[in-house]
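Source file: upload-v7.tsv; contents: TSV, C-alpha atoms.
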chain	number	residue	atom	x	y	z
A	31	MET	CA	72.01	111.74	138.95
A	32	GLY	CA	69.53	113.44	141.26
A	33	THR	CA	70.28	115.51	144.33
A	34	VAL	CA	73.92	116.25	145.08
A	35	ARG	CA	75.16	114.06	147.93
A	36	THR	CA	77.98	115.11	150.24
A	37	ILE	CA	80.91	112.88	151.15
A	38	ALA	CA	82.93	113.88	154.23
A	39	LEU	CA	86.49	112.63	153.84
A	40	LEU	CA	88.79	112.38	156.85
A	41	GLY	CA	92.32	113.08	155.65
A	42	GLY	CA	93.51	115.23	152.77
A	43	GLY	CA	96.58	113.46	151.39
A	44	GLN	CA	97.31	112.05	147.94
A	45	LEU	CA	94.74	109.24	148.22
A	46	GLY	CA	92.03	111.81	148.82
A	47	ARG	CA	93.31	113.92	145.94
A	48	MET	CA	93.09	111.01	143.49
A	49	PHE	CA	89.66	110.12	144.85
A	50	ILE	CA	88.43	113.66	144.18
A	51	GLU	CA	89.95	113.66	140.68
A	52	ASN	CA	87.75	110.66	139.86
A	53	ALA	CA	84.69	112.01	141.69
A	54	LEU	CA	84.76	115.28	139.69
A	55	ARG	CA	83.05	113.35	136.89
A	56	TYR	CA	79.97	112.85	139.03
A	57	ASN	CA	77.32	114.92	140.76
A	58	VAL	CA	78.79	114.68	144.27
A	59	SER	CA	80.29	117.13	146.72
A	60	ILE	CA	83.49	116.30	148.62
A	61	ASP	CA	84.29	117.88	151.99
A	62	VAL	CA	87.77	117.24	153.42
A	63	LEU	CA	89.14	117.56	156.96
A	64	ASP	CA	92.91	117.67	157.47
A	65	PRO	CA	95.26	119.38	159.92
A	66	ASP	CA	97.54	120.65	157.13
A	67	PRO	CA	96.21	123.79	155.35
A	68	HIS	CA	98.42	122.91	152.36
A	69	ALA	CA	97.34	119.25	152.09
A	70	PRO	CA	97.08	117.78	148.55
A	71	CYS	CA	93.25	117.94	148.69
A	72	ALA	CA	93.09	121.60	149.74
A	73	ARG	CA	92.60	123.06	146.25
A	74	LEU	CA	90.30	120.35	144.92
A	75	ALA	CA	87.75	119.81	147.71
A	76	ASP	CA	84.36	121.52	147.54
A	77	ARG	CA	84.91	122.40	151.19
A	78	PHE	CA	88.27	122.10	152.94
A	79	VAL	CA	88.43	122.39	156.72
A	80	VAL	CA	91.63	122.56	158.74
A	81	GLY	CA	91.21	120.38	161.82
A	82	ASP	CA	92.39	117.37	163.79
A	83	ILE	CA	91.07	114.08	162.37
A	84	ARG	CA	91.94	112.40	165.70
A	85	ASP	CA	89.68	114.67	167.75
A	86	ALA	CA	86.16	113.24	168.16
A	87	GLU	CA	84.35	116.55	168.58
A	88	THR	CA	86.09	118.06	165.53
A	89	VAL	CA	85.28	115.06	163.35
A	90	VAL	CA	81.58	114.89	164.33
A	91	ARG	CA	81.12	118.63	163.88
A	92	PHE	CA	82.80	118.49	160.45
A	93	ALA	CA	80.72	115.55	159.13
A	94	ARG	CA	77.34	116.11	160.79
A	95	ASP	CA	75.70	117.41	157.58
A	96	ALA	CA	77.25	114.85	155.21
A	97	ASP	CA	75.54	111.82	153.71
A	98	VAL	CA	78.64	109.61	153.66
A	99	VAL	CA	81.79	109.51	155.81
A	100	GLY	CA	85.02	108.01	154.51
A	101	ILE	CA	88.70	107.96	155.41
A	102	GLU	CA	91.90	108.67	153.54
A	103	ILE	CA	94.14	107.32	156.31
A	104	GLU	CA	93.53	104.96	159.23
A	105	HIS	CA	94.72	107.34	161.95
A	106	VAL	CA	91.32	108.88	162.63
A	107	ASN	CA	89.05	108.95	165.68
A	108	VAL	CA	87.05	105.70	165.65
A	109	GLU	CA	84.59	106.80	168.33
A	110	ALA	CA	83.61	109.76	166.17
A	111	MET	CA	82.87	107.36	163.31
A	112	VAL	CA	80.75	105.25	165.65
A	113	GLU	CA	78.73	108.34	166.55
A	114	LEU	CA	78.35	109.38	162.89
A	115	LYS	CA	77.11	105.89	162.03
A	116	ARG	CA	74.61	106.15	164.90
A	117	MET	CA	73.42	109.44	163.36
A	118	GLY	CA	72.48	107.57	160.18
A	119	LYS	CA	75.51	108.30	157.99
A	120	ARG	CA	76.93	105.70	155.65
A	121	VAL	CA	80.38	105.15	157.19
A	122	VAL	CA	83.03	103.31	155.14
A	123	PRO	CA	85.01	101.53	156.43
A	124	ASP	CA	82.77	100.37	159.23
A	125	PRO	CA	84.13	101.59	162.61
A	126	ASP	CA	84.42	98.00	163.86
A	127	VAL	CA	86.60	97.11	160.86
A	128	LEU	CA	88.72	100.22	161.32
A	129	ARG	CA	89.20	99.52	165.02
A	130	ILE	CA	90.70	96.13	164.17
A	131	ILE	CA	92.82	97.18	161.22
A	132	LYS	CA	94.41	100.28	162.75
A	133	ASP	CA	95.85	98.06	165.51
A	134	LYS	CA	98.30	95.55	164.02
A	135	GLY	CA	97.91	93.34	167.09
A	136	LEU	CA	94.14	93.12	166.69
A	137	GLN	CA	94.68	92.44	162.98
A	138	LYS	CA	96.90	89.47	163.71
A	139	GLU	CA	94.43	88.09	166.25
A	140	PHE	CA	91.62	88.56	163.72
A	141	TYR	CA	93.51	86.46	161.17
A	142	ARG	CA	94.14	83.75	163.75
A	143	LEU	CA	90.46	83.72	164.79
A	144	HIS	CA	89.31	83.35	161.18
A	145	LYS	CA	91.99	80.78	160.28
A	146	ILE	CA	93.61	83.13	157.76
A	147	PRO	CA	97.29	82.19	157.39
A	148	SER	CA	99.86	84.73	158.58
A	149	ALA	CA	103.33	84.59	160.11
A	150	PRO	CA	103.64	83.34	163.74
A	151	PHE	CA	103.59	86.23	166.23
A	152	ALA	CA	103.38	87.37	169.84
A	153	LEU	CA	101.94	90.54	171.33
A	154	ILE	CA	104.28	92.30	173.77
A	155	GLU	CA	103.83	95.46	175.83
A	156	ASP	CA	107.44	96.68	175.85
A	157	LEU	CA	110.90	95.76	174.65
A	158	ARG	CA	111.54	93.50	177.64
A	159	GLY	CA	109.01	91.08	176.17
A	160	ILE	CA	111.39	90.34	173.31
A	161	GLU	CA	113.49	88.07	175.54
A	162	GLN	CA	110.54	85.75	176.19
A	163	HIS	CA	110.05	84.75	172.54
A	164	GLY	CA	113.31	83.33	171.28
A	165	ASP	CA	111.34	80.90	169.10
A	166	LEU	CA	110.25	83.80	166.86
A	167	PHE	CA	113.78	84.85	165.88
A	168	PRO	CA	114.91	86.15	163.48
A	169	ALA	CA	111.94	88.48	163.83
A	170	VAL	CA	110.26	91.72	162.83
A	171	LEU	CA	109.07	94.14	165.51
A	172	LYS	CA	106.09	96.36	164.61
A	173	SER	CA	104.37	99.15	166.49
A	174	ARG	CA	100.76	98.16	166.94
A	175	SER	CA	99.54	101.59	165.82
A	176	GLY	CA	100.73	104.65	163.95
A	177	GLY	CA	103.17	103.05	161.51
A	178	TYR	CA	103.10	103.62	157.75
A	179	ASP	CA	105.46	103.50	154.74
A	180	GLY	CA	108.01	101.43	156.63
A	181	LYS	CA	107.91	103.55	159.78
A	182	GLY	CA	107.34	101.70	163.05
A	183	VAL	CA	109.02	98.51	161.78
A	184	TRP	CA	112.34	97.08	162.99
A	185	VAL	CA	114.15	93.98	161.72
A	186	LEU	CA	115.69	91.97	164.58
A	187	ASP	CA	118.32	89.24	164.42
A	188	GLY	CA	118.72	88.67	168.15
A	189	ASN	CA	116.45	88.91	171.17
A	190	ASP	CA	118.48	91.45	173.17
A	191	PRO	CA	116.11	94.42	173.77
A	192	ARG	CA	119.11	96.74	174.16
A	193	SER	CA	119.79	96.38	170.42
A	194	VAL	CA	116.42	97.90	169.46
A	195	ASN	CA	116.10	101.64	168.90
A	196	ALA	CA	112.30	101.70	169.00
A	197	VAL	CA	109.57	103.98	170.28
A	198	ASN	CA	107.27	102.99	173.12
A	199	GLY	CA	105.10	99.86	172.76
A	200	PRO	CA	102.93	97.93	172.59
A	201	TYR	CA	104.27	95.84	169.71
A	202	VAL	CA	103.70	92.86	167.48
A	203	LEU	CA	106.72	90.55	167.44
A	204	GLU	CA	106.49	88.49	164.25
A	205	LYS	CA	108.63	85.63	163.01
A	206	ARG	CA	110.56	86.65	159.91
A	207	VAL	CA	109.79	84.33	157.00
A	208	GLY	CA	111.78	83.73	153.85
A	209	ILE	CA	110.02	85.82	151.20
A	210	ALA	CA	110.16	84.98	147.49
A	211	LYS	CA	107.81	87.82	146.48
A	212	GLU	CA	105.59	90.39	148.14
A	213	LEU	CA	102.14	90.57	146.55
A	214	ALA	CA	99.03	92.67	147.02
A	215	VAL	CA	95.42	92.04	146.03
A	216	LEU	CA	92.61	94.61	146.02
A	217	VAL	CA	89.17	93.34	146.98
A	218	VAL	CA	86.09	95.54	146.69
A	219	ARG	CA	83.01	94.61	148.72
A	220	SER	CA	79.63	96.28	148.17
A	221	THR	CA	76.94	97.05	150.73
A	222	GLU	CA	75.02	94.00	149.44
A	223	GLY	CA	78.03	91.73	150.03
A	224	THR	CA	79.03	91.22	146.40
A	225	GLN	CA	82.79	91.29	145.81
A	226	VAL	CA	85.22	91.84	142.93
A	227	THR	CA	88.89	90.92	143.21
A	228	TYR	CA	91.63	92.54	141.12
A	229	ASP	CA	94.60	90.61	139.74
A	230	PRO	CA	97.52	90.30	142.17
A	231	VAL	CA	100.32	92.84	141.84
A	232	GLU	CA	103.98	92.25	142.60
A	233	MET	CA	105.63	94.81	144.89
A	234	VAL	CA	109.34	95.57	144.71
A	235	PHE	CA	110.64	97.40	147.78
A	236	ASP	CA	113.30	100.07	148.13
A	237	PRO	CA	115.57	98.84	150.96
A	238	ARG	CA	116.69	102.41	151.75
A	239	TYR	CA	113.24	103.50	152.88
A	240	ASN	CA	111.43	100.15	153.34
A	241	LEU	CA	108.60	101.24	151.05
A	242	VAL	CA	107.43	100.24	147.58
A	243	ASP	CA	109.85	101.27	144.83
A	244	HIS	CA	107.58	100.01	142.07
A	245	LEU	CA	104.90	97.45	141.42
A	246	ARG	CA	103.82	95.53	138.39
A	247	ALA	CA	100.52	94.02	137.36
A	248	PRO	CA	99.85	91.24	136.87
A	249	ALA	CA	102.35	89.69	139.24
A	250	ARG	CA	104.85	87.34	137.61
A	251	ILE	CA	103.42	84.19	139.17
A	252	THR	CA	101.62	81.12	137.84
A	253	SER	CA	97.90	81.28	137.11
A	254	ASP	CA	97.29	78.75	139.90
A	255	LEU	CA	99.16	80.89	142.40
A	256	SER	CA	97.30	83.98	141.19
A	257	GLU	CA	93.97	82.30	141.86
A	258	ARG	CA	95.14	81.20	145.30
A	259	ALA	CA	96.20	84.76	146.14
A	260	LYS	CA	92.87	86.17	144.95
A	261	GLY	CA	91.00	83.55	146.94
A	262	LEU	CA	92.92	84.30	150.13
A	263	ALA	CA	92.39	88.05	149.78
A	264	ALA	CA	88.68	87.48	149.14
A	265	ARG	CA	88.49	85.46	152.36
A	266	VAL	CA	89.90	88.43	154.28
A	267	ALA	CA	87.24	90.80	152.92
A	268	GLU	CA	84.52	88.24	153.57
A	269	ALA	CA	85.69	87.83	157.16
A	270	PHE	CA	85.31	91.56	157.81
A	271	ARG	CA	81.72	91.36	156.49
A	272	ALA	CA	81.49	95.09	155.69
A	273	PRO	CA	81.60	97.18	152.51
A	274	GLY	CA	84.81	98.83	151.43
A	275	VAL	CA	88.06	98.58	149.52
A	276	TYR	CA	90.47	96.10	151.10
A	277	ALA	CA	94.13	96.15	150.06
A	278	VAL	CA	95.48	92.80	151.23
A	279	GLU	CA	99.27	92.51	151.32
A	280	LEU	CA	100.65	88.99	151.03
A	281	PHE	CA	103.96	87.22	151.46
A	282	LEU	CA	104.78	84.45	149.00
A	283	THR	CA	107.29	82.40	150.98
A	284	GLU	CA	110.26	80.57	149.55
A	285	GLU	CA	108.31	77.34	150.17
A	286	GLY	CA	105.39	78.57	148.03
A	287	GLU	CA	103.07	79.37	150.95
A	288	LEU	CA	100.85	82.48	150.93
A	289	LEU	CA	100.62	84.47	154.19
A	290	VAL	CA	98.64	87.63	154.87
A	291	ASN	CA	100.97	90.41	156.00
A	292	GLU	CA	98.42	93.16	156.66
A	293	THR	CA	95.30	94.79	155.25
A	294	ALA	CA	94.41	98.41	154.55
A	295	PRO	CA	90.67	99.30	154.62
A	296	ARG	CA	90.95	101.99	151.93
A	297	ALA	CA	92.49	102.85	148.59
A	298	HIS	CA	96.16	101.91	148.61
A	299	ASN	CA	99.49	102.53	146.91
A	300	SER	CA	99.32	99.00	145.46
A	301	GLY	CA	96.20	99.95	143.47
A	302	HIS	CA	97.31	103.18	141.78
A	303	HIS	CA	97.89	101.42	138.45
A	304	THR	CA	94.13	100.76	138.22
A	305	ILE	CA	93.53	104.41	137.24
A	306	GLU	CA	94.94	103.78	133.77
A	307	ALA	CA	94.97	99.97	133.59
A	308	CYS	CA	91.34	99.17	134.51
A	309	SER	CA	87.95	100.52	133.46
A	310	SER	CA	87.00	101.13	137.10
A	311	SER	CA	89.89	102.19	139.33
A	312	GLN	CA	90.11	101.63	143.08
A	313	PHE	CA	88.98	105.24	143.53
A	314	ASP	CA	85.99	104.77	141.25
A	315	GLN	CA	85.02	101.60	143.11
A	316	LEU	CA	85.21	103.46	146.42
A	317	LEU	CA	82.90	106.17	145.13
A	318	ARG	CA	80.46	103.48	143.93
A	319	ILE	CA	80.42	101.98	147.44
A	320	TYR	CA	79.83	105.38	149.03
A	321	MET	CA	76.93	106.09	146.68
A	322	GLY	CA	75.41	102.60	146.67
A	323	TRP	CA	76.04	102.16	142.95
A	324	PRO	CA	76.91	98.83	141.25
A	325	LEU	CA	80.57	97.84	141.34
A	326	GLY	CA	82.60	98.59	138.22
A	327	ASP	CA	84.63	96.51	135.78
A	328	HIS	CA	87.88	95.51	137.48
A	329	THR	CA	89.44	93.68	134.52
A	330	LEU	CA	93.10	94.45	133.91
A	331	ARG	CA	93.43	95.66	130.30
A	332	GLY	CA	97.09	94.71	130.02
A	333	PRO	CA	100.43	94.77	131.83
A	334	ALA	CA	101.05	97.90	133.89
A	335	ALA	CA	103.59	99.19	136.36
A	336	MET	CA	103.59	101.96	138.95
A	337	ILE	CA	106.82	103.65	140.03
A	338	ASN	CA	106.76	105.75	143.20
A	339	LEU	CA	108.40	109.17	142.95
A	340	VAL	CA	110.15	109.51	146.29
A	341	GLY	CA	111.96	112.57	147.60
A	342	GLU	CA	115.76	112.44	147.76
A	343	GLY	CA	118.52	114.90	148.48
A	344	GLY	CA	117.03	116.43	151.61
A	345	THR	CA	114.21	118.82	152.48
A	346	GLY	CA	112.87	121.80	150.56
A	347	ILE	CA	110.33	123.01	148.04
A	348	ALA	CA	109.65	120.06	145.76
A	349	SER	CA	111.03	120.02	142.25
A	350	LEU	CA	110.26	117.23	139.78
A	351	VAL	CA	113.03	116.85	137.22
A	352	GLY	CA	113.30	114.64	134.15
A	353	LEU	CA	109.60	114.49	133.30
A	354	ASP	CA	110.30	115.49	129.68
A	355	ASP	CA	112.58	112.48	129.35
A	356	ILE	CA	109.90	109.95	130.20
A	357	LEU	CA	106.64	111.34	128.83
A	358	HIS	CA	107.73	110.50	125.27
A	359	VAL	CA	107.49	106.80	126.25
A	360	SER	CA	104.19	105.42	124.98
A	361	GLY	CA	101.71	104.54	127.73
A	362	THR	CA	103.32	106.75	130.39
A	363	PHE	CA	101.18	108.74	132.85
A	364	ALA	CA	102.45	111.12	135.53
A	365	HIS	CA	100.70	111.80	138.86
A	366	TRP	CA	101.96	114.66	141.03
A	367	TYR	CA	100.52	114.82	144.54
A	368	GLY	CA	100.85	118.56	145.10
A	369	LYS	CA	102.87	118.36	148.31
A	370	ARG	CA	104.78	121.60	148.82
A	371	GLU	CA	107.76	120.17	150.67
A	372	THR	CA	109.87	117.21	149.68
A	373	ARG	CA	111.78	115.12	152.20
A	374	THR	CA	114.10	112.20	151.66
A	375	GLY	CA	111.92	109.07	151.47
A	376	ARG	CA	108.60	110.95	151.17
A	377	LYS	CA	106.16	109.87	148.44
A	378	MET	CA	105.66	112.87	146.14
A	379	GLY	CA	103.98	111.31	143.12
A	380	HIS	CA	104.03	108.29	140.87
A	381	ILE	CA	104.43	107.27	137.25
A	382	THR	CA	102.19	104.62	135.70
A	383	VAL	CA	103.26	102.84	132.53
A	384	THR	CA	101.27	100.41	130.42
A	385	ALA	CA	102.88	98.05	127.92
A	386	GLN	CA	102.29	95.00	125.77
A	387	ASP	CA	104.34	92.69	127.99
A	388	HIS	CA	106.65	92.57	131.00
A	389	HIS	CA	109.69	93.30	128.81
A	390	GLY	CA	108.08	96.60	127.86
A	391	LEU	CA	107.43	97.31	131.54
A	392	ASP	CA	111.09	96.60	132.34
A	393	GLN	CA	112.22	99.16	129.79
A	394	ALA	CA	109.76	101.83	130.97
A	395	ILE	CA	110.65	101.26	134.64
A	396	ALA	CA	114.35	101.58	133.85
A	397	VAL	CA	113.87	104.83	131.91
A	398	THR	CA	111.75	106.32	134.69
A	399	LYS	CA	114.19	105.40	137.45
A	400	VAL	CA	117.16	106.86	135.59
A	401	HIS	CA	115.60	110.14	134.50
A	402	CYS	CA	112.80	111.12	136.89
A	403	LYS	CA	113.72	112.52	140.31
A	404	VAL	CA	112.11	114.56	143.08
A	405	VAL	CA	114.63	116.89	144.74
A	406	PRO	CA	114.59	120.14	146.66
A	407	GLU	CA	114.71	123.20	144.41
A	408	LYS	CA	118.35	123.81	143.46
A	409	GLY	CA	119.21	120.69	145.46
A	410	PRO	CA	121.46	117.82	144.36
A	411	ILE	CA	120.30	115.27	141.83
A	412	VAL	CA	121.53	111.80	142.69
A	413	ASN	CA	122.84	109.90	139.68
A	414	GLU	CA	121.93	106.22	140.10
A	415	GLN	CA	123.19	105.03	136.72

Structure translated into structure tokens:
Amino acid sequence: MGTVRTIALLGGGQLGRMFIENALRYNVSIDVLDPDPHAPCARLADRFVVGDIRDAETVVRFARDADVVGIEIEHVNVEAMVELKRMGKRVVPDPDVLRIIKDKGLQKEFYRLHKIPSAPFALIEDLRGIEQHGDLFPAVLKSRSGGYDGKGVWVLDGNDPRSVNAVNGPYVLEKRVGIAKELAVLVVRSTEGTQVTYDPVEMVFDPRYNLVDHLRAPARITSDLSERAKGLAARVAEAFRAPGVYAVELFLTEEGELLVNETAPRAHNSGHHTIEACSSSQFDQLLRIYMGWPLGDHTLRGPAAMINLVGEGGTGIASLVGLDDILHVSGTFAHWYGKRETRTGRKMGHITVTAQDHHGLDQAIAVTKVHCKVVPEKGPIVNEQ
């Protein structure tokens, strides 16, 4: 494979860890920058540096000798990525794409500019702006930056700003639509502009934490609807006109309309099943983009599901219980993220299951949810039977 090339990765969480696990098969070197000395990537990176990914000087100094610069999370310093691109690095995602996507308001305006369907919205600076948009209610209020895994999102029934316990703005105020299903589609775009689009997945949310409980692939929708979802997601990636992995989250409304909710410019929770269910996973595709290699085979081999392992029972040293009870199920794969501390609602790992059909997925999902828990050591185990 020639000379070893160095990839500088900004962020050392579980997405970076799974990326490195795939990259270990190849002749590449992975450097990671993260503020947490115990981040999931710390033990796997060729070079791990503790530092602030939001500080421009720190980021440029960290990545100045790398060939490629990538991200594991959106909350990084964009100006530093602009400077690294100017220095001749391959930067993925492109800083201009990242600047749009990390601001939910700019995302929504981007969709409107490119005639990509999404829910009606208004941009407001503070909570007082809620009163001016009664036509959008019932609504969802979103922080324009910094939110993830359900954080920075508030569901509103009325337009009285006193009823909202939210942080400082600015915000996106979005009309709440009737949702039949929430879908996600991964699109991979190469440097040359070629694209591959994975089959849509169906996301089932945990209402306690407002994050994905589990997903299943392919989504239980008609073939016509699947093609429409893939086509819409492909339009989003084409509109950004830059290489990368785009995780496009979609609402399927009760009227059968498809709306883009938001896009992530990186590997995503909705694509974890691809590690076992596809020849080339989302992490393998990302490495191929970084290295300028041809895109891989994205074909789904068969039905698959991914169940998030989420902390419950409080805070403490993480303990995974019940693994013995699920690993006997054929087609079951466990992924542990290596986070030292569990917290209620924190993603700590996931289980992927593959099966012959959706009935088999139902059985495997049920077994996993009953038996497999992440709790603090010696902490309570919640019985959900």

How close does segment 316-360 of chain A get to segment 217-240 of chain A? List, as CSV, each residue of segment 316-360 of chain A within 10 Å, its nearest atom pair and the distance in Å to one decimal, counting all atoms listed in the file.
residue,atom,partner,partner_atom,distance
A:Leu316,CA,A:Val218,CA,8.0
A:Arg318,CA,A:Ser220,CA,8.4
A:Ile319,CA,A:Ser220,CA,5.8
A:Tyr320,CA,A:Thr221,CA,9.0
A:Met321,CA,A:Thr221,CA,9.9
A:Gly322,CA,A:Thr221,CA,7.0
A:Trp323,CA,A:Ser220,CA,8.6
A:Pro324,CA,A:Ser220,CA,7.9
A:Leu325,CA,A:Ser220,CA,7.1
A:Gly326,CA,A:Val226,CA,8.6
A:Asp327,CA,A:Val226,CA,8.6
A:His328,CA,A:Tyr228,CA,6.0
A:Thr329,CA,A:Tyr228,CA,7.0
A:Leu330,CA,A:Asp229,CA,7.1
A:Ala334,CA,A:Val231,CA,9.5
A:Ala335,CA,A:Val231,CA,9.0
A:Met336,CA,A:Met233,CA,9.5
A:Ile337,CA,A:Val234,CA,9.7
A:Asn338,CA,A:Asp236,CA,10.0
A:Val340,CA,A:Tyr239,CA,9.4

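Picture a line from atom CA of Tyr56 of chain A to atom CA of Leu317 of chain A; it runs 9.5 Å.
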
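For the residues A:Leu54, A:Met111, A:Leu143, A:Ala75, ranking by smallest atom-to-atom distance to Arg129 of chain A using only C-alpha atoms places A:Met111 first.
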
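Between atom CA of His401 of chain A and atom CA of Gly352 of chain A the separation is 5.1 Å.
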
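Distances from A:Ala72, A:Gly46, A:Ile356, A:Leu40 to Arg84 of chain A were compared using only C-alpha atoms, and the smallest one belongs to A:Leu40.
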
Contact residues around Gly375 of chain A with only C-alpha atoms at 12 Å, ignoring same-chain residues under 3 positions, as a ChimeraX atom specification: /A:179-181,236-243,338-345,371-372,378-379,403-405

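Closest approach to His303 of chain A among A:Arg246, A:His163, A:Arg35, A:Arg265: A:Arg246, based on only C-alpha atoms.
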
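Each of A:Ile37, A:Met117, A:Ala152, A:Ala169 was checked against Glu139 of chain A using only C-alpha atoms; the smallest atom-to-atom distance is that of A:Ala152.
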
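Rounded to one decimal, atom CA of Ala394 of chain A and atom CA of Lys260 of chain A lie 26.9 Å from each other.
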
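Closest approach to His105 of chain A among A:Asp61, A:Asp387, A:Glu284, A:Asp82: A:Asp82, based on all atoms listed in the file.
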
Show me the residues around (93.9, 103.0, 133.0) - criterion: an atom at most 9 Å away, only C-alpha atoms counted - as a list in words. His303, Thr304, Ile305, Glu306, Ala307, Cys308, Ser309, Ser310, Ser311, Leu330, Arg331, Ala334, Thr382 and Thr384 of chain A

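In this comparison, which uses only C-alpha atoms, the residue of A:Val62, A:Glu204, A:Leu136, A:Ala38 approaching Arg94 of chain A most closely is A:Ala38.
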
Residues near Phe78 of chain A, cut-off 12 Å, all atoms listed in the file, skip fewer than 6 positions along chain, as a list of chain:residue names: A:Ile37, A:Ala38, A:Leu39, A:Leu40, A:Gly41, A:Gly42, A:Gly46, A:Arg47, A:Ser59, A:Ile60, A:Asp61, A:Val62, A:Leu63, A:Asp64, A:Pro65, A:Asp66, A:Pro67, A:His68, A:Ala69, A:Pro70, A:Cys71, A:Ala72, A:Phe92, A:Ala93
